[in-house]
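Below: protein_23.cif (mmCIF, C-alpha atoms)
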data_final
#
loop_
_atom_site.group_PDB
_atom_site.id
_atom_site.type_symbol
_atom_site.label_atom_id
_atom_site.label_comp_id
_atom_site.auth_asym_id
_atom_site.auth_seq_id
_atom_site.Cartn_x
_atom_site.Cartn_y
_atom_site.Cartn_z
ATOM 1 C CA MET Y 1 103.522 97.564 59.471
ATOM 2 C CA LYS Y 2 100.888 96.687 56.895
ATOM 3 C CA ILE Y 3 97.742 95.320 58.460
ATOM 4 C CA GLY Y 4 96.711 91.953 57.021
ATOM 5 C CA SER Y 5 93.401 90.167 57.117
ATOM 6 C CA ASN Y 6 94.479 87.233 59.261
ATOM 7 C CA PRO Y 7 95.161 87.783 62.983
ATOM 8 C CA SER Y 8 97.589 84.892 62.981
ATOM 9 C CA ASP Y 9 99.900 87.102 60.904
ATOM 10 C CA PHE Y 10 100.808 88.864 64.123
ATOM 11 C CA LEU Y 11 102.809 87.723 67.107
ATOM 12 C CA PRO Y 12 100.568 87.224 70.184
ATOM 13 C CA PHE Y 13 102.601 89.656 72.274
ATOM 14 C CA ASN Y 14 102.403 92.491 69.725
ATOM 15 C CA LEU Y 15 99.709 94.388 71.611
ATOM 16 C CA ASP Y 16 99.705 97.515 69.431
ATOM 17 C CA THR Y 17 99.163 95.439 66.271
ATOM 18 C CA TYR Y 18 96.426 93.376 67.880
ATOM 19 C CA ILE Y 19 94.559 96.499 69.026
ATOM 20 C CA ILE Y 20 94.820 98.056 65.559
ATOM 21 C CA TYR Y 21 93.591 94.832 63.925
ATOM 22 C CA THR Y 22 90.633 94.504 66.325
ATOM 23 C CA MET Y 23 89.614 98.113 65.769
ATOM 24 C CA GLN Y 24 89.856 97.721 62.006
ATOM 25 C CA ILE Y 25 87.640 94.641 61.774
ATOM 26 C CA LYS Y 26 85.044 96.417 63.955
ATOM 27 C CA GLY Y 27 85.070 99.453 61.677
ATOM 28 C CA ILE Y 28 86.508 101.806 64.282
ATOM 29 C CA SER Y 29 88.643 104.647 62.976
ATOM 30 C CA ILE Y 30 92.236 104.359 64.126
ATOM 31 C CA THR Y 31 94.121 107.328 65.519
ATOM 32 C CA LYS Y 32 97.102 107.652 67.821
ATOM 33 C CA SER Y 33 94.832 109.247 70.399
ATOM 34 C CA ARG Y 34 92.386 106.340 70.343
ATOM 35 C CA ILE Y 35 95.202 103.796 70.630
ATOM 36 C CA ALA Y 36 96.729 105.731 73.545
ATOM 37 C CA LYS Y 37 93.367 105.807 75.350
ATOM 38 C CA THR Y 38 92.909 102.068 74.804
ATOM 39 C CA LEU Y 39 96.375 101.359 76.168
ATOM 40 C CA LEU Y 40 95.660 103.602 79.170
ATOM 41 C CA ILE Y 41 92.512 101.629 80.001
ATOM 42 C CA LEU Y 42 94.356 98.311 79.636
ATOM 43 C CA ALA Y 43 97.253 99.537 81.781
ATOM 44 C CA SER Y 44 94.910 100.788 84.481
ATOM 45 C CA LEU Y 45 92.973 97.513 84.584
ATOM 46 C CA THR Y 46 96.136 95.404 84.568
ATOM 47 C CA ILE Y 47 97.852 97.302 87.382
ATOM 48 C CA THR Y 48 94.684 97.513 89.504
ATOM 49 C CA ILE Y 49 93.996 93.778 89.169
ATOM 50 C CA ALA Y 50 97.629 92.959 89.982
ATOM 51 C CA TRP Y 51 97.488 95.192 93.074
ATOM 52 C CA LEU Y 52 94.176 93.692 94.208
ATOM 53 C CA ASN Y 53 95.656 90.220 93.847
ATOM 54 C CA TYR Y 54 98.804 91.121 95.806
ATOM 55 C CA THR Y 55 97.182 92.845 98.782
ATOM 56 C CA PRO Y 56 95.361 91.318 101.789
ATOM 57 C CA SER Y 57 91.871 89.936 101.233
ATOM 58 C CA GLY Y 58 88.679 91.788 102.084
ATOM 59 C CA LEU Y 59 87.666 95.413 101.667
ATOM 60 C CA LEU Y 60 89.404 96.481 104.869
ATOM 61 C CA GLY Y 61 92.482 94.577 103.740
ATOM 62 C CA LYS Y 62 92.599 96.645 100.549
ATOM 63 C CA MET Y 63 92.190 99.859 102.541
ATOM 64 C CA ASP Y 64 94.997 98.705 104.841
ATOM 65 C CA ALA Y 65 97.202 98.276 101.768
ATOM 66 C CA ILE Y 66 96.437 101.831 100.639
ATOM 67 C CA GLY Y 67 97.253 103.214 104.071
ATOM 68 C CA TYR Y 68 100.353 101.008 104.161
ATOM 69 C CA ALA Y 69 101.755 102.981 101.217
ATOM 70 C CA VAL Y 70 101.404 106.451 102.790
ATOM 71 C CA CYS Y 71 101.286 106.044 106.574
ATOM 72 C CA HIS Y 72 103.416 104.492 109.336
ATOM 73 C CA ARG Y 73 100.239 102.850 110.778
ATOM 74 C CA ILE Y 74 101.762 102.659 114.261
ATOM 75 C CA ASP Y 75 99.265 100.820 116.450
ATOM 76 C CA LEU Y 76 99.431 103.149 119.458
ATOM 77 C CA ARG Y 77 98.810 106.174 117.240
ATOM 78 C CA SER Y 78 95.746 104.754 115.503
ATOM 79 C CA PHE Y 79 92.099 104.259 116.315
ATOM 80 C CA HIS Y 80 90.830 100.688 116.338
ATOM 81 C CA LEU Y 81 87.984 98.532 115.114
ATOM 82 C CA GLY Y 82 88.099 96.056 117.953
ATOM 83 C CA GLU Y 83 91.732 94.946 117.983
ATOM 84 C CA ARG Y 84 92.343 96.009 114.385
ATOM 85 C CA ALA Y 85 93.982 99.378 113.694
ATOM 86 C CA LEU Y 86 92.313 101.589 111.105
ATOM 87 C CA PRO Y 87 93.995 101.787 107.676
ATOM 88 C CA LEU Y 88 95.533 105.163 108.565
ATOM 89 C CA CYS Y 89 96.908 106.518 111.818
ATOM 90 C CA SER Y 90 94.823 109.106 113.661
ATOM 91 C CA ARG Y 91 96.640 112.067 112.074
ATOM 92 C CA CYS Y 92 96.493 110.698 108.513
ATOM 93 C CA SER Y 93 92.859 109.663 108.997
ATOM 94 C CA GLY Y 94 91.908 113.217 109.914
ATOM 95 C CA MET Y 95 93.945 114.721 107.079
ATOM 96 C CA HIS Y 96 92.671 112.528 104.253
ATOM 97 C CA LEU Y 97 89.047 112.341 105.388
ATOM 98 C CA ALA Y 98 88.881 116.117 105.830
ATOM 99 C CA ALA Y 99 90.468 116.620 102.411
ATOM 100 C CA MET Y 100 87.897 114.316 100.795
ATOM 101 C CA PHE Y 101 84.914 115.832 102.620
ATOM 102 C CA GLY Y 102 86.152 119.340 101.823
ATOM 103 C CA PHE Y 103 86.527 118.456 98.153
ATOM 104 C CA ILE Y 104 83.056 116.907 97.955
ATOM 105 C CA PHE Y 105 81.517 119.851 99.834
ATOM 106 C CA GLN Y 106 82.898 122.309 97.285
ATOM 107 C CA LEU Y 107 81.469 120.412 94.298
ATOM 108 C CA GLN Y 108 78.137 122.147 94.899
ATOM 109 C CA PHE Y 109 79.802 125.427 93.894
ATOM 110 C CA GLY Y 110 80.757 124.187 90.430
ATOM 111 C CA LYS Y 111 83.824 125.461 88.606
ATOM 112 C CA LYS Y 112 84.759 128.264 90.993
ATOM 113 C CA ALA Y 113 88.485 128.658 90.580
ATOM 114 C CA LYS Y 114 89.603 131.449 92.895
ATOM 115 C CA MET Y 115 91.451 130.828 96.147
ATOM 116 C CA PRO Y 116 89.641 131.557 99.424
ATOM 117 C CA PRO Y 117 90.031 135.161 100.644
ATOM 118 C CA LEU Y 118 93.137 136.104 102.616
ATOM 119 C CA LYS Y 119 91.345 136.011 105.970
ATOM 120 C CA ILE Y 120 90.489 132.337 105.449
ATOM 121 C CA LEU Y 121 93.943 131.525 104.069
ATOM 122 C CA ILE Y 122 95.432 132.943 107.278
ATOM 123 C CA ILE Y 123 93.281 130.555 109.320
ATOM 124 C CA LEU Y 124 94.399 127.687 107.106
ATOM 125 C CA ALA Y 125 98.027 128.701 107.671
ATOM 126 C CA PHE Y 126 97.484 128.529 111.439
ATOM 127 C CA LEU Y 127 95.907 125.082 111.058
ATOM 128 C CA ALA Y 128 98.907 123.927 109.017
ATOM 129 C CA ALA Y 129 101.240 125.299 111.698
ATOM 130 C CA ALA Y 130 99.285 123.431 114.386
ATOM 131 C CA PHE Y 131 99.692 120.244 112.323
ATOM 132 C CA ALA Y 132 103.461 120.768 112.103
ATOM 133 C CA ILE Y 133 103.867 121.651 115.791
ATOM 134 C CA ASP Y 134 101.817 118.708 117.028
ATOM 135 C CA GLY Y 135 103.589 116.403 114.577
ATOM 136 C CA LEU Y 136 107.020 117.523 115.774
ATOM 137 C CA ASN Y 137 106.003 117.256 119.424
ATOM 138 C CA SER Y 138 104.656 113.765 118.804
ATOM 139 C CA TYR Y 139 107.800 112.754 116.891
ATOM 140 C CA LEU Y 140 110.054 113.862 119.771
ATOM 141 C CA HIS Y 141 108.424 111.220 121.952
ATOM 142 C CA PHE Y 142 110.343 108.597 119.981
ATOM 143 C CA PHE Y 143 113.488 109.806 121.764
ATOM 144 C CA PRO Y 144 113.603 109.231 125.556
ATOM 145 C CA ASN Y 145 115.869 112.189 126.314
ATOM 146 C CA ALA Y 146 114.199 114.668 123.994
ATOM 147 C CA ILE Y 147 112.450 117.791 125.255
ATOM 148 C CA TRP Y 148 108.803 118.014 124.271
ATOM 149 C CA ALA Y 149 106.065 120.528 125.021
ATOM 150 C CA TYR Y 150 103.094 118.349 125.998
ATOM 151 C CA GLU Y 151 101.818 114.791 126.088
ATOM 152 C CA PRO Y 152 100.535 113.798 122.641
ATOM 153 C CA HIS Y 153 97.077 112.269 122.207
ATOM 154 C CA ASN Y 154 95.286 110.656 119.313
ATOM 155 C CA TRP Y 155 92.450 113.157 119.539
ATOM 156 C CA LEU Y 156 94.977 115.963 118.987
ATOM 157 C CA ARG Y 157 96.502 114.107 116.057
ATOM 158 C CA LEU Y 158 93.049 113.650 114.549
ATOM 159 C CA ILE Y 159 92.030 117.306 114.896
ATOM 160 C CA THR Y 160 95.315 118.788 113.679
ATOM 161 C CA GLY Y 161 95.307 116.330 110.779
ATOM 162 C CA SER Y 162 91.786 117.434 109.905
ATOM 163 C CA GLY Y 163 92.912 121.052 109.948
ATOM 164 C CA LEU Y 164 95.590 120.369 107.367
ATOM 165 C CA GLY Y 165 93.171 118.263 105.313
ATOM 166 C CA LEU Y 166 90.750 121.186 105.258
ATOM 167 C CA GLY Y 167 93.515 123.389 103.883
ATOM 168 C CA ILE Y 168 94.427 120.822 101.237
ATOM 169 C CA ALA Y 169 90.827 120.711 100.034
ATOM 170 C CA LEU Y 170 90.377 124.485 99.938
ATOM 171 C CA VAL Y 171 93.604 124.998 97.978
ATOM 172 C CA LEU Y 172 93.448 121.950 95.700
ATOM 173 C CA TYR Y 173 89.860 122.485 94.540
ATOM 174 C CA PRO Y 174 90.404 125.896 92.878
ATOM 175 C CA ILE Y 175 93.672 124.677 91.345
ATOM 176 C CA ILE Y 176 91.771 121.789 89.753
ATOM 177 C CA ASN Y 177 89.174 124.189 88.376
ATOM 178 C CA GLN Y 178 91.830 126.586 87.094
ATOM 179 C CA THR Y 179 93.609 123.767 85.297
ATOM 180 C CA LEU Y 180 90.943 121.448 83.866
ATOM 181 C CA TRP Y 181 87.993 123.575 82.828
ATOM 182 C CA LYS Y 182 87.567 125.544 79.657
ATOM 183 C CA ASN Y 183 85.468 128.222 81.362
ATOM 184 C CA PRO Y 184 86.325 128.370 85.072
ATOM 185 C CA ILE Y 185 84.467 130.821 87.287
ATOM 186 C CA TYR Y 186 86.932 133.156 88.978
ATOM 187 C CA GLU Y 187 85.164 133.335 92.301
ATOM 188 C CA PRO Y 188 86.074 131.467 95.502
ATOM 189 C CA ALA Y 189 84.043 128.374 96.361
ATOM 190 C CA ILE Y 190 84.611 129.153 100.040
ATOM 191 C CA GLY Y 191 84.359 132.928 99.984
ATOM 192 C CA ASN Y 192 82.789 133.894 103.319
ATOM 193 C CA TRP Y 193 82.847 132.953 106.979
ATOM 194 C CA LYS Y 194 79.431 131.309 106.903
ATOM 195 C CA THR Y 195 80.368 128.736 104.264
ATOM 196 C CA PHE Y 196 83.775 128.209 105.861
ATOM 197 C CA PHE Y 197 82.355 127.532 109.314
ATOM 198 C CA ILE Y 198 79.673 125.217 107.933
ATOM 199 C CA LEU Y 199 82.427 123.103 106.381
ATOM 200 C CA CYS Y 200 84.504 123.297 109.577
ATOM 201 C CA GLY Y 201 81.473 122.174 111.560
ATOM 202 C CA LEU Y 202 80.899 119.172 109.331
ATOM 203 C CA ILE Y 203 84.545 118.117 109.643
ATOM 204 C CA LEU Y 204 84.387 118.609 113.425
ATOM 205 C CA LEU Y 205 81.319 116.366 113.553
ATOM 206 C CA MET Y 206 83.309 113.754 111.632
ATOM 207 C CA ASP Y 207 86.109 114.013 114.196
ATOM 208 C CA LEU Y 208 83.695 113.725 117.126
ATOM 209 C CA ALA Y 209 82.083 110.696 115.507
ATOM 210 C CA THR Y 210 85.532 109.129 115.110
ATOM 211 C CA LEU Y 211 86.369 109.761 118.757
ATOM 212 C CA THR Y 212 83.357 107.693 119.852
ATOM 213 C CA GLU Y 213 85.246 104.668 118.436
ATOM 214 C CA ASN Y 214 81.869 103.132 117.660
ATOM 215 C CA PRO Y 215 82.467 100.277 115.176
ATOM 216 C CA MET Y 216 79.322 101.245 113.237
ATOM 217 C CA ILE Y 217 80.925 104.638 112.621
ATOM 218 C CA LEU Y 218 84.565 103.638 112.319
ATOM 219 C CA TYR Y 219 84.004 100.948 109.684
ATOM 220 C CA PRO Y 220 82.634 103.283 106.971
ATOM 221 C CA LEU Y 221 85.187 105.945 107.914
ATOM 222 C CA ALA Y 222 87.964 103.361 107.572
ATOM 223 C CA ILE Y 223 86.765 102.502 104.071
ATOM 224 C CA LEU Y 224 86.393 106.163 103.139
ATOM 225 C CA SER Y 225 89.884 106.987 104.410
ATOM 226 C CA GLY Y 226 91.424 104.584 101.899
ATOM 227 C CA PHE Y 227 89.432 106.037 99.023
ATOM 228 C CA ALA Y 228 90.350 109.529 100.248
ATOM 229 C CA VAL Y 229 94.055 108.756 99.784
ATOM 230 C CA LEU Y 230 93.441 107.635 96.201
ATOM 231 C CA LEU Y 231 91.243 110.682 95.529
ATOM 232 C CA VAL Y 232 93.906 113.181 96.597
ATOM 233 C CA LEU Y 233 96.692 111.370 94.729
ATOM 234 C CA THR Y 234 94.549 110.890 91.620
ATOM 235 C CA MET Y 235 93.581 114.549 91.354
ATOM 236 C CA CYS Y 236 97.144 115.771 91.934
ATOM 237 C CA TYR Y 237 98.493 113.482 89.229
ATOM 238 C CA ALA Y 238 95.571 114.343 86.923
ATOM 239 C CA LEU Y 239 96.620 117.999 87.042
ATOM 240 C CA ILE Y 240 100.187 117.076 86.113
ATOM 241 C CA ILE Y 241 99.014 114.825 83.273
ATOM 242 C CA SER Y 242 96.708 117.497 81.854
ATOM 243 C CA MET Y 243 99.684 119.862 81.672
ATOM 244 C CA ILE Y 244 101.982 117.245 80.154
ATOM 245 C CA ILE Y 245 99.511 116.438 77.360
ATOM 246 C CA LYS Y 246 98.802 120.169 76.943
ATOM 247 C CA LYS Y 247 95.113 119.949 77.797
ATOM 248 C CA GLU Y 248 94.877 122.756 80.344
ATOM 249 C CA ASN Y 249 91.530 124.569 80.256
ATOM 250 C CA PHE Y 250 90.328 122.035 77.692
ATOM 251 C CA TYR Y 251 87.409 120.215 79.301
ATOM 252 C CA ASN Y 252 83.804 121.159 80.012
ATOM 253 C CA THR Y 253 82.700 118.276 82.256
ATOM 254 C CA TRP Y 254 84.159 115.611 84.522
ATOM 255 C CA LYS Y 255 83.142 113.030 81.922
ATOM 256 C CA GLU Y 256 85.220 114.772 79.263
ATOM 257 C CA ALA Y 257 88.210 114.880 81.617
ATOM 258 C CA TRP Y 258 88.294 111.102 82.080
ATOM 259 C CA VAL Y 259 91.679 110.671 80.370
ATOM 260 C CA PRO Y 260 93.818 112.740 82.802
ATOM 261 C CA ILE Y 261 91.735 111.478 85.735
ATOM 262 C CA LEU Y 262 92.191 107.822 84.757
ATOM 263 C CA ALA Y 263 95.882 108.457 84.079
ATOM 264 C CA GLY Y 264 96.147 110.085 87.519
ATOM 265 C CA PHE Y 265 94.448 107.097 89.128
ATOM 266 C CA THR Y 266 96.752 104.700 87.272
ATOM 267 C CA ILE Y 267 99.827 106.514 88.572
ATOM 268 C CA ALA Y 268 98.341 106.625 92.083
ATOM 269 C CA ILE Y 269 97.602 102.890 92.181
ATOM 270 C CA THR Y 270 101.005 102.118 90.637
ATOM 271 C CA GLN Y 271 102.722 104.200 93.318
ATOM 272 C CA THR Y 272 100.694 102.408 95.990
ATOM 273 C CA TYR Y 273 101.529 99.001 94.503
ATOM 274 C CA ILE Y 274 105.288 99.698 94.324
ATOM 275 C CA ILE Y 275 105.485 101.047 97.889
ATOM 276 C CA ASP Y 276 103.414 98.105 99.174
ATOM 277 C CA ILE Y 277 105.832 95.661 97.538
ATOM 278 C CA LEU Y 278 108.921 97.432 98.859
ATOM 279 C CA ARG Y 279 107.612 97.872 102.399
ATOM 280 C CA TYR Y 280 106.296 94.320 102.658
ATOM 281 C CA THR Y 281 109.590 92.970 101.278
ATOM 282 C CA PHE Y 282 111.553 94.759 103.993
ATOM 283 C CA THR Y 283 109.130 94.296 106.926
ATOM 284 C CA GLY Y 284 107.351 91.020 106.150
ATOM 285 C CA THR Y 285 104.100 92.306 107.639
ATOM 286 C CA TRP Y 286 101.076 94.376 106.573
ATOM 287 C CA GLY Y 287 100.933 95.881 110.044
ATOM 288 C CA GLY Y 288 102.297 99.220 111.174
ATOM 289 C CA PHE Y 289 105.854 99.986 112.197
ATOM 290 C CA ASN Y 290 106.812 98.723 115.653
ATOM 291 C CA LEU Y 291 107.875 101.317 118.204
#
Have the structure of the file written as structure tokens, please.
Amino acid sequence: MKIGSNPSDFLPFNLDTYIIYTMQIKGISITKSRIAKTLLILASLTITIAWLNYTPSGLLGKMDAIGYAVCHRIDLRSFHLGERALPLCSRCSGMHLAAMFGFIFQLQFGKKAKMPPLKILIILAFLAAAFAIDGLNSYLHFFPNAIWAYEPHNWLRLITGSGLGLGIALVLYPIINQTLWKNPIYEPAIGNWKTFFILCGLILLMDLATLTENPMILYPLAILSGFAVLLVLTMCYALIISMIIKKENFYNTWKEAWVPILAGFTIAITQTYIIDILRYTFTGTWGGFNL
């Protein structure tokens, strides 16, 4: 379409034409890439605002809505701020918080893109197995006549969830570095027992702090748990997007990689929004599933 000089020449709903016209009158060079980036920003803002408007009020309400999209949020299997369950159940809280803390901890090591050594991967495999075993044992308690190994507890759910979250962080971080960066460093970020146990100790301290059920501690952890869900989803989708647009090993800094990261966030918040709508439509409540 030929671009005219009068914006009234265009239909108000023709977004592509309006963007091109606005960029032209401001003297901005027009390329398909620039238009795509502009549309990505608009889509991200639109979906995020729509989701914020749909979900419960307050910061904790928004975190509840994030947890609502990924977790059963059963009351008896969650820690509480007073009478209010945290956004994620005890197991999901441990998993996502540990994944976020593990990811942030590894940032100090830069673009190291090699997996942890085999000895650490074996430990992570045992932690994943503990997560599966405790999860299955806990699930069997839904059935009165089922045979189960031991009485489940929220502290066990928290710790085994944290173990899996640690594994997610230690595996996801090098994959991100292998995929995004132009010059990754092929060394492990967590390459020795000392660094590994320091990280384990920090996550254990987080778990112990959670078990105090002190509201001054649980409130920030509740907020962080919601952001942790979005962080993990965003980075996983960002890796997929970078491969789809053929930008593997293309970026030098996080700032340069904003397009796949924003696209990943947009998909993550869209997924959250859709699941929130579907679950609320069927249950009629923002609370957890009833046993």
Reference answer for the PyMOL selection byres ((chain Y and resi 113) around 8), as a compact mmCIF listing (two decimals) with C-alpha atoms, in the coordinates of the input:
# COMPACT_ATOMS: atom_id res chain seq x y z
CA LYS Y 111 83.82 125.46 88.61
CA LYS Y 112 84.76 128.26 90.99
CA LYS Y 114 89.60 131.45 92.90
CA MET Y 115 91.45 130.83 96.15
CA TYR Y 173 89.86 122.48 94.54
CA PRO Y 174 90.40 125.90 92.88
CA ILE Y 175 93.67 124.68 91.34
CA ILE Y 176 91.77 121.79 89.75
CA ASN Y 177 89.17 124.19 88.38
CA GLN Y 178 91.83 126.59 87.09
CA PRO Y 184 86.32 128.37 85.07
CA ILE Y 185 84.47 130.82 87.29
CA TYR Y 186 86.93 133.16 88.98
CA GLU Y 187 85.16 133.34 92.30
CA PRO Y 188 86.07 131.47 95.50
CA ALA Y 189 84.04 128.37 96.36
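Of the listed residues (Y:Ile147, Y:Ser138, Y:Tyr251, Y:Tyr219), Y:Tyr251 comes nearest to Trp181 of chain Y; the distances count all atoms listed in the file.
One finds atom CA of Asn249 of chain Y at 4.8 Å from atom CA of Leu180 of chain Y.
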Explicit residue set for the PyMOL selection byres ((chain Y and resi 59-68) around 7), as a PDB file with C-alpha atoms, in the frame of the given file:
ATOM      1  CA  THR Y  55      97.182  92.845  98.782  1.00  0.00           C
ATOM      2  CA  PRO Y  56      95.361  91.318 101.789  1.00  0.00           C
ATOM      3  CA  SER Y  57      91.871  89.936 101.233  1.00  0.00           C
ATOM      4  CA  GLY Y  58      88.679  91.788 102.084  1.00  0.00           C
ATOM      5  CA  ALA Y  69     101.755 102.981 101.217  1.00  0.00           C
ATOM      6  CA  VAL Y  70     101.404 106.451 102.790  1.00  0.00           C
ATOM      7  CA  CYS Y  71     101.286 106.044 106.574  1.00  0.00           C
ATOM      8  CA  HIS Y  72     103.416 104.492 109.336  1.00  0.00           C
ATOM      9  CA  ARG Y  73     100.239 102.850 110.778  1.00  0.00           C
ATOM     10  CA  PRO Y  87      93.995 101.787 107.676  1.00  0.00           C
ATOM     11  CA  LEU Y  88      95.533 105.163 108.565  1.00  0.00           C
ATOM     12  CA  ILE Y 223      86.765 102.502 104.071  1.00  0.00           C
ATOM     13  CA  GLY Y 226      91.424 104.584 101.899  1.00  0.00           C
ATOM     14  CA  THR Y 272     100.694 102.408  95.990  1.00  0.00           C
ATOM     15  CA  ASP Y 276     103.414  98.105  99.174  1.00  0.00           C
TER      16      ASP Y 276
END
Take the PyMOL selection byres ((chain Y and resi 101) around 10), run it mentally on this structure, and tell me the resulting residues as a PyMOL selection string.
chain Y and resi 96-100+102-106+165-166+169+199+202-203+206+224+228
Edge lengths and centre, in Å to one decimal, as AutoDock Vina command-line options: that's what I need for the box along x, y and z that holds all listed atoms of segment 281-284 of chain Y plus 6 Å on each side.
--center_x 109.5 --center_y 92.9 --center_z 104.1 --size_x 16.2 --size_y 15.7 --size_z 17.6
Using all atoms listed in the file, which protein or nucleic acid residues come within 9 Å of segment 242-244 of chain Y? Drop anything in the same chain fewer than 3 positions from it, and give the result as a PyMOL selection string.
chain Y and resi 179-180+237-239+247-250+257+259-261
With C-alpha atoms retained, export the selected residues as a short mmCIF file (atom, residue, chain, number, x, y, z; two decimals), keeping the file's coordinate frame.
data_model
loop_
_atom_site.label_atom_id
_atom_site.label_comp_id
_atom_site.auth_asym_id
_atom_site.auth_seq_id
_atom_site.Cartn_x
_atom_site.Cartn_y
_atom_site.Cartn_z
CA THR Y 179 93.61 123.77 85.30
CA LEU Y 180 90.94 121.45 83.87
CA TYR Y 237 98.49 113.48 89.23
CA ALA Y 238 95.57 114.34 86.92
CA LEU Y 239 96.62 118.00 87.04
CA LYS Y 247 95.11 119.95 77.80
CA GLU Y 248 94.88 122.76 80.34
CA ASN Y 249 91.53 124.57 80.26
CA PHE Y 250 90.33 122.04 77.69
CA ALA Y 257 88.21 114.88 81.62
CA VAL Y 259 91.68 110.67 80.37
CA PRO Y 260 93.82 112.74 82.80
CA ILE Y 261 91.74 111.48 85.74
#
Close residues, Leu121 of chain Y itself excluded, 10 Å, only C-alpha atoms, min 4 positions apart in chain, as a list in words:
Met115, Pro116, Pro117, Ala125, Phe126, Leu127, Gly167, Leu170 and Val171 of chain Y
Among listed residues Y:Lys119, Y:Arg157, Y:Arg34, Y:Lys246, nearest Asn137 of chain Y (using all atoms listed in the file):
Y:Arg157
